[in-house]
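Listing of my_file03.tsv; format and content: TSV, C-alpha atoms and all ligand atoms.
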chain	number	residue	atom	x	y	z
A	1472	MET	CA	121.23	82.08	139.82
A	1473	ASP	CA	124.43	81.93	141.85
A	1474	SER	CA	123.62	80.78	145.36
A	1475	VAL	CA	125.09	79.26	148.50
A	1476	LYS	CA	123.31	76.71	150.72
A	1477	ILE	CA	123.15	77.57	154.39
A	1478	LEU	CA	121.38	74.96	156.51
A	1479	GLY	CA	119.71	73.69	153.37
A	1480	VAL	CA	118.48	77.10	152.19
A	1481	PRO	CA	119.91	78.36	148.87
A	1482	PHE	CA	120.78	82.02	149.42
A	1483	SER	CA	121.45	84.41	146.56
A	1484	LYS	CA	124.95	85.89	146.44
A	1485	MET	CA	123.79	89.02	144.60
A	1486	THR	CA	124.25	92.53	145.89
A	1487	LEU	CA	121.22	94.68	146.69
A	1488	SER	CA	121.68	96.59	143.41
A	1489	ASP	CA	121.86	93.43	141.32
A	1490	THR	CA	118.80	92.01	143.08
A	1491	VAL	CA	116.91	95.23	142.33
A	1492	LYS	CA	117.86	94.86	138.65
A	1493	VAL	CA	116.53	91.28	138.57
A	1494	LEU	CA	113.23	92.39	140.12
A	1495	GLN	CA	112.95	95.40	137.79
A	1496	GLY	CA	113.40	93.00	134.90
A	1497	LYS	CA	110.53	90.88	136.22
A	1498	LEU	CA	108.30	93.93	136.76
A	1499	ALA	CA	108.95	95.18	133.24
A	1500	GLY	CA	108.61	91.73	131.66
A	1501	GLU	CA	105.67	89.67	130.52
A	1502	ARG	CA	103.16	88.58	133.14
A	1503	SER	CA	103.08	84.85	133.72
A	1504	GLN	CA	99.44	83.94	134.30
A	1505	SER	CA	100.41	80.69	135.94
A	1506	ARG	CA	102.84	81.89	138.58
A	1507	LEU	CA	104.24	84.93	140.26
A	1508	PHE	CA	107.89	85.40	141.14
A	1509	HIS	CA	108.08	84.80	144.89
A	1510	LEU	CA	111.03	86.42	146.57
A	1511	ILE	CA	111.83	85.60	150.18
A	1512	THR	CA	114.16	87.79	152.20
A	1513	ALA	CA	115.13	85.21	154.80
A	1514	ASN	CA	116.65	85.92	158.19
A	1515	PRO	CA	118.30	83.26	160.40
A	1516	GLU	CA	114.98	82.80	162.27
A	1517	ILE	CA	113.28	81.65	159.07
A	1518	VAL	CA	116.15	79.29	158.27
A	1519	MET	CA	115.88	77.71	161.74
A	1520	ALA	CA	112.07	77.63	161.71
A	1521	ALA	CA	112.12	75.85	158.34
A	1522	LYS	CA	114.11	73.05	159.98
A	1523	GLN	CA	111.26	72.53	162.44
A	1524	GLN	CA	108.31	73.13	160.13
A	1525	PRO	CA	108.10	71.02	156.95
A	1526	GLU	CA	105.41	73.38	155.66
A	1527	LEU	CA	107.82	76.32	155.85
A	1528	GLN	CA	110.64	74.29	154.30
A	1529	GLN	CA	108.35	73.56	151.36
A	1530	ILE	CA	107.62	77.28	150.94
A	1531	VAL	CA	111.33	78.07	151.02
A	1532	ASN	CA	112.04	75.30	148.50
A	1533	ALA	CA	109.42	76.71	146.15
A	1534	ALA	CA	110.71	80.31	146.31
A	1535	ASP	CA	112.18	81.82	143.15
A	1536	LEU	CA	114.84	83.82	144.94
A	1537	ILE	CA	116.01	83.91	148.56
A	1538	THR	CA	118.08	86.84	149.77
A	1539	PRO	CA	120.08	87.08	153.01
A	1540	ASP	CA	118.04	89.29	155.32
A	1541	GLY	CA	120.31	89.42	158.32
A	1542	ILE	CA	123.96	89.71	159.08
A	1543	GLY	CA	123.72	86.19	160.61
A	1544	VAL	CA	123.28	84.72	157.13
A	1545	VAL	CA	126.21	86.71	155.75
A	1546	LEU	CA	128.37	85.51	158.65
A	1547	ALA	CA	127.23	81.89	158.29
A	1548	ALA	CA	128.29	82.01	154.64
A	1549	LYS	CA	131.66	83.45	155.64
A	1550	TRP	CA	132.05	80.58	158.10
A	1551	GLN	CA	131.55	78.21	155.15
A	1552	GLY	CA	134.22	80.12	153.23
A	1553	VAL	CA	131.69	81.69	150.87
A	1554	HIS	CA	131.44	85.41	150.24
A	1555	ILE	CA	127.98	86.97	150.36
A	1556	PRO	CA	128.43	90.67	149.60
A	1557	GLU	CA	125.75	92.16	151.84
A	1558	ARG	CA	122.35	91.86	153.49
A	1559	VAL	CA	119.43	92.27	151.12
A	1560	THR	CA	116.35	93.21	153.13
A	1561	GLY	CA	112.72	93.58	152.13
A	1562	PHE	CA	112.69	97.21	153.20
A	1563	ASP	CA	115.77	98.13	151.16
A	1564	LEU	CA	114.46	96.29	148.10
A	1565	LEU	CA	111.09	98.01	148.39
A	1566	ILE	CA	112.59	101.50	148.67
A	1567	ARG	CA	114.97	100.92	145.75
A	1568	LEU	CA	112.13	99.63	143.59
A	1569	LEU	CA	109.97	102.63	144.50
A	1570	GLU	CA	112.85	104.99	143.66
A	1571	GLY	CA	113.38	103.23	140.33
A	1572	ALA	CA	109.75	103.85	139.41
A	1573	SER	CA	110.67	107.40	138.37
A	1574	LYS	CA	112.37	105.81	135.34
A	1575	ARG	CA	109.93	103.02	134.71
A	1576	GLY	CA	106.60	102.96	136.52
A	1577	PHE	CA	104.77	99.93	137.84
A	1578	SER	CA	101.55	99.08	139.64
A	1579	LEU	CA	101.55	98.12	143.30
A	1580	TYR	CA	99.20	96.38	145.73
A	1581	VAL	CA	99.88	97.05	149.40
A	1582	VAL	CA	98.78	94.44	151.96
A	1583	GLY	CA	99.45	94.35	155.68
A	1584	ALA	CA	99.78	96.33	158.93
A	1585	ASP	CA	96.83	97.91	160.73
A	1586	GLU	CA	94.33	99.99	158.74
A	1587	GLU	CA	95.70	103.40	159.75
A	1588	THR	CA	99.29	102.42	158.99
A	1589	ASN	CA	98.38	100.77	155.70
A	1590	ALA	CA	96.40	103.79	154.51
A	1591	LYS	CA	99.08	106.23	155.61
A	1592	ALA	CA	101.94	104.26	154.05
A	1593	ALA	CA	100.03	103.84	150.76
A	1594	GLY	CA	99.34	107.60	150.71
A	1595	ILE	CA	103.00	108.44	151.33
A	1596	ILE	CA	104.15	106.04	148.60
A	1597	ALA	CA	101.66	107.53	146.12
A	1598	ASP	CA	102.79	111.10	146.93
A	1599	LYS	CA	106.49	110.44	146.99
A	1600	TYR	CA	106.78	108.07	144.03
A	1601	PRO	CA	104.45	109.23	141.25
A	1602	GLY	CA	105.73	106.48	138.94
A	1603	VAL	CA	104.02	103.97	141.21
A	1604	THR	CA	100.32	103.33	140.66
A	1605	ILE	CA	98.69	101.87	143.75
A	1606	VAL	CA	95.91	99.67	142.42
A	1607	GLY	CA	94.76	98.37	145.79
A	1608	ARG	CA	95.53	98.12	149.46
A	1609	HIS	CA	94.26	96.20	152.48
A	1610	ASN	CA	95.25	95.98	156.12
A	1611	GLY	CA	96.64	92.73	157.48
A	1612	TYR	CA	93.85	91.88	159.91
A	1613	PHE	CA	91.03	89.98	158.23
A	1614	LYS	CA	87.50	89.46	159.43
A	1615	GLY	CA	84.90	87.13	157.94
A	1616	ASP	CA	85.15	86.95	154.18
A	1617	GLN	CA	87.57	89.88	153.83
A	1618	GLU	CA	90.48	87.61	153.02
A	1619	GLU	CA	88.66	85.92	150.15
A	1620	ALA	CA	87.55	89.33	148.84
A	1621	LEU	CA	91.14	90.58	149.01
A	1622	VAL	CA	92.55	87.61	147.11
A	1623	ALA	CA	89.82	88.02	144.48
A	1624	ASP	CA	90.64	91.74	144.19
A	1625	ILE	CA	94.36	91.07	143.67
A	1626	GLU	CA	93.47	88.39	141.13
A	1627	ARG	CA	91.39	90.95	139.24
A	1628	LYS	CA	93.75	93.93	139.50
A	1629	GLN	CA	96.86	92.01	138.44
A	1630	PRO	CA	99.43	94.32	140.04
A	1631	ASP	CA	103.02	94.26	138.87
A	1632	LEU	CA	104.23	94.15	142.48
A	1633	LEU	CA	102.51	92.81	145.59
A	1634	ILE	CA	104.00	93.59	148.98
A	1635	VAL	CA	102.79	91.83	152.12
A	1636	ALA	CA	103.61	93.29	155.54
A	1637	PHE	CA	102.48	90.61	157.99
A	1638	GLY	CA	105.83	89.89	159.58
A	1639	ALA	CA	107.88	86.79	158.77
A	1640	PRO	CA	107.07	84.01	158.08
A	1641	ASN	CA	103.35	84.82	157.94
A	1642	ALA	CA	103.70	86.87	154.76
A	1643	GLU	CA	105.63	84.06	153.06
A	1644	LYS	CA	102.98	81.52	154.10
A	1645	TRP	CA	100.18	83.73	152.84
A	1646	ILE	CA	101.80	84.40	149.47
A	1647	TYR	CA	102.49	80.69	149.02
A	1648	LYS	CA	98.96	79.68	150.01
A	1649	HIS	CA	97.33	82.00	147.48
A	1650	LYS	CA	100.09	81.91	144.88
A	1651	SER	CA	97.99	80.55	142.04
A	1652	ARG	CA	95.42	83.36	142.41
A	1653	LEU	CA	97.70	86.30	143.18
A	1654	LYS	CA	98.24	87.49	139.62
A	1655	ALA	CA	101.19	89.73	140.46
A	1656	LYS	CA	104.45	89.57	138.56
A	1657	VAL	CA	106.47	89.74	141.77
A	1658	ALA	CA	105.51	89.29	145.44
A	1659	PHE	CA	107.47	89.49	148.65
A	1660	GLY	CA	107.05	90.00	152.37
A	1661	VAL	CA	108.27	93.34	153.70
A	1662	GLY	CA	108.03	92.76	157.48
A	1663	GLY	CA	107.40	95.99	159.35
A	1664	SER	CA	108.22	98.24	156.36
A	1665	LEU	CA	104.80	99.90	156.24
A	1666	ASP	CA	105.20	100.94	159.88
A	1667	VAL	CA	108.55	102.50	159.01
A	1668	ILE	CA	107.16	104.32	155.95
A	1669	ALA	CA	104.12	105.55	157.88
A	1670	GLY	CA	106.54	106.80	160.57
B	1701	LIG	N1	100.71	92.29	160.98
B	1701	LIG	C1	99.57	92.14	160.19
B	1701	LIG	N2	98.71	91.12	160.45
B	1701	LIG	C2	98.92	90.23	161.46
B	1701	LIG	C3	100.09	90.37	162.24
B	1701	LIG	C4	100.98	91.41	161.96
B	1701	LIG	O1	99.37	92.93	159.26
B	1701	LIG	O2	98.09	89.34	161.65
B	1701	LIG	C5	101.62	93.42	160.69
B	1701	LIG	C6	101.90	94.32	161.86
B	1701	LIG	O3	100.84	95.27	161.99
B	1701	LIG	C7	103.18	94.99	161.42
B	1701	LIG	C8	103.87	93.90	160.58
B	1701	LIG	O4	102.88	92.90	160.37
B	1701	LIG	O5	102.93	96.08	160.58
B	1701	LIG	C9	105.08	93.29	161.24
B	1701	LIG	O6	104.68	92.76	162.44
B	1701	LIG	P1	105.72	92.34	163.54
B	1701	LIG	O7	106.52	93.53	163.91
B	1701	LIG	O8	104.98	91.62	164.59
B	1701	LIG	O9	106.62	91.30	162.72
B	1701	LIG	P2	108.20	91.16	162.65
B	1701	LIG	O10	108.73	92.50	162.16
B	1701	LIG	O11	108.62	90.82	164.02
B	1701	LIG	O12	108.45	90.07	161.65

Render the structure in this file as structure tokens.
Ligand code: UDP
Amino acid sequence: MDSVKILGVPFSKMTLSDTVKVLQGKLAGERSQSRLFHLITANPEIVMAAKQQPELQQIVNAADLITPDGIGVVLAAKWQGVHIPERVTGFDLLIRLLEGASKRGFSLYVVGADEETNAKAAGIIADKYPGVTIVGRHNGYFKGDQEEALVADIERKQPDLLIVAFGAPNAEKWIYKHKSRLKAKVAFGVGGSLDVIAG
């Protein structure tokens, strides 16, 4: 895929609409049992943090697609003489995918935020986007063996899309850590999106 390297991170040069099409293709396609498609919407903070943290750099290197989540990335590209059309944020991608579900439905697992927000956001998504089947949800604050139970549940449910709202880069680290067991077709971190949806 066409990309530009900014501080060592290969950013996609696709528009939001084209990125949505790529993800819709993945959601509609065959499930790979061995690996999910890990999208990272990376802001300048992640790019800088990856320079300091080899663990994060490794996660970024292993991502399947990295989109510019921040005007700082778009401007840095411009500085290098490369045109990146626009920001492509986790929230915008999520909403566009949910809207697209009216044409072609998919299953969704919703992880992250506090319990009230998670439950409310999942309820709103289910009401507003009937093409989306929510197969599971869990808040982002784990106690005891809840995390293991959650990973096992996602492994069993095999959602088409997994969204993780822990804030960056915690969501990216979590997806990477459990990648081999999260049997989703596509996974990405959505920052504070559940808070926004819950209102
Ligand atoms: N969050 C979570 N578990 C945590 C920490 C944060 O689920 O251990 C959630 C938090 O409730 C919020 C979202 O992650 O819904 C984004 O958090 P924050 O605003 O701190 O992250 P940022 O938007 O700054 O990346």

### Selection: 7 Å around A:Ala1658, all atoms listed in the file, excl. self and same-chain fewer than 3 positions, as JSON, numbers by chain
{"A": [1507, 1508, 1509, 1510, 1632, 1633, 1634, 1655]}

Please save C-alpha atoms of the selected residues as an mmCIF file, keeping the file's coordinate frame.
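Generated output (selection14.cif):
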data_model
loop_
_atom_site.group_PDB
_atom_site.id
_atom_site.type_symbol
_atom_site.label_atom_id
_atom_site.label_comp_id
_atom_site.auth_asym_id
_atom_site.auth_seq_id
_atom_site.Cartn_x
_atom_site.Cartn_y
_atom_site.Cartn_z
ATOM 1 C CA LEU A 1507 104.240 84.930 140.260
ATOM 2 C CA PHE A 1508 107.890 85.400 141.140
ATOM 3 C CA HIS A 1509 108.080 84.800 144.890
ATOM 4 C CA LEU A 1510 111.030 86.420 146.570
ATOM 5 C CA LEU A 1632 104.230 94.150 142.480
ATOM 6 C CA LEU A 1633 102.510 92.810 145.590
ATOM 7 C CA ILE A 1634 104.000 93.590 148.980
ATOM 8 C CA ALA A 1655 101.190 89.730 140.460
#

### Residues near A:Lys1484, cut-off 9 Å, all atoms listed in the file, skip fewer than 4 positions along chain, as a PyMOL selection string
chain A and resi 1472-1475+1538-1539+1554-1557

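All residues, whether protein, DNA or RNA, that have an atom at most 9 Å from ligand LIG 1701 (chain B) (counting only C-alpha atoms and all ligand atoms) are Val1582, Gly1583, Ala1584, Asp1585, Glu1586, Thr1588, Asn1589, Asn1610, Gly1611, Tyr1612, Phe1613, Val1635, Ala1636, Phe1637, Gly1638, Ala1639, Pro1640, Asn1641, Ala1642, Val1661, Gly1662, Gly1663, Ser1664, Leu1665, Asp1666 and Val1667 of chain A.
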
### Task
For a cut-off of 12 Å around (101.2, 108.1, 146.8), file coordinates, pick out all residues using only C-alpha atoms and list them as a PyMOL selection string.
chain A and resi 1569+1578-1581+1589-1608+1668-1669

### Message
Counting all atoms listed in the file, which residue out of A:Lys1644, A:Arg1567, A:Arg1506, A:Lys1522 sits closest to A:Asp1489?
### Response
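Using all atoms listed in the file, A:Asp1489 sits closest to A:Arg1567.
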
### Message
Between A:Val1657, A:Leu1568, A:Leu1494, A:Ile1542, which residue has the minimum interatomic distance to A:Pro1630, considering all atoms listed in the file?
### Response
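So, comparing all the options, the nearest one is A:Val1657.
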
### Message
Just to confirm, what's the straight-line distance from atom CA of A:Val1531 to atom CA of A:Thr1560 in Å (one decimal)?
### Response
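Between these atoms lies a distance of 16.1 Å.
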
#### Entry: d(atom CA of A:Met1519, atom CA of A:His1649) in Å
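These atoms are spaced 23.8 Å apart.
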
## Note on the structure
One residue among A:Ile1625, A:Ile1477, A:Lys1497, A:Gly1670 is nearest to A:Trp1550 when using only C-alpha atoms, and that residue is A:Ile1477

#### Entry: atom CA of A:Gly1561 to atom CA of A:Gln1617, straight-line distance in Å
25.5 Å

### Task
Could you tell me which of A:Ala1623, A:Leu1546, A:Leu1564, A:Val1518 comes closest to A:Ser1488 if we count only C-alpha atoms?
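For A:Ser1488, the nearest of the given residues is A:Leu1564.
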
### Query
Hey, which of A:Leu1621, A:Lys1476, A:Val1491, A:Ser1505 ends up closest to A:Ile1566? Count all atoms listed in the file.
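Closest to A:Ile1566 of all the choices is A:Val1491.
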
### Query
Which residue out of A:Gln1523, A:Phe1659, A:Gly1552, A:Trp1645 has the minimum interatomic distance to A:Leu1565 when all atoms listed in the file are used?
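For A:Leu1565, the nearest of the given residues is A:Phe1659.
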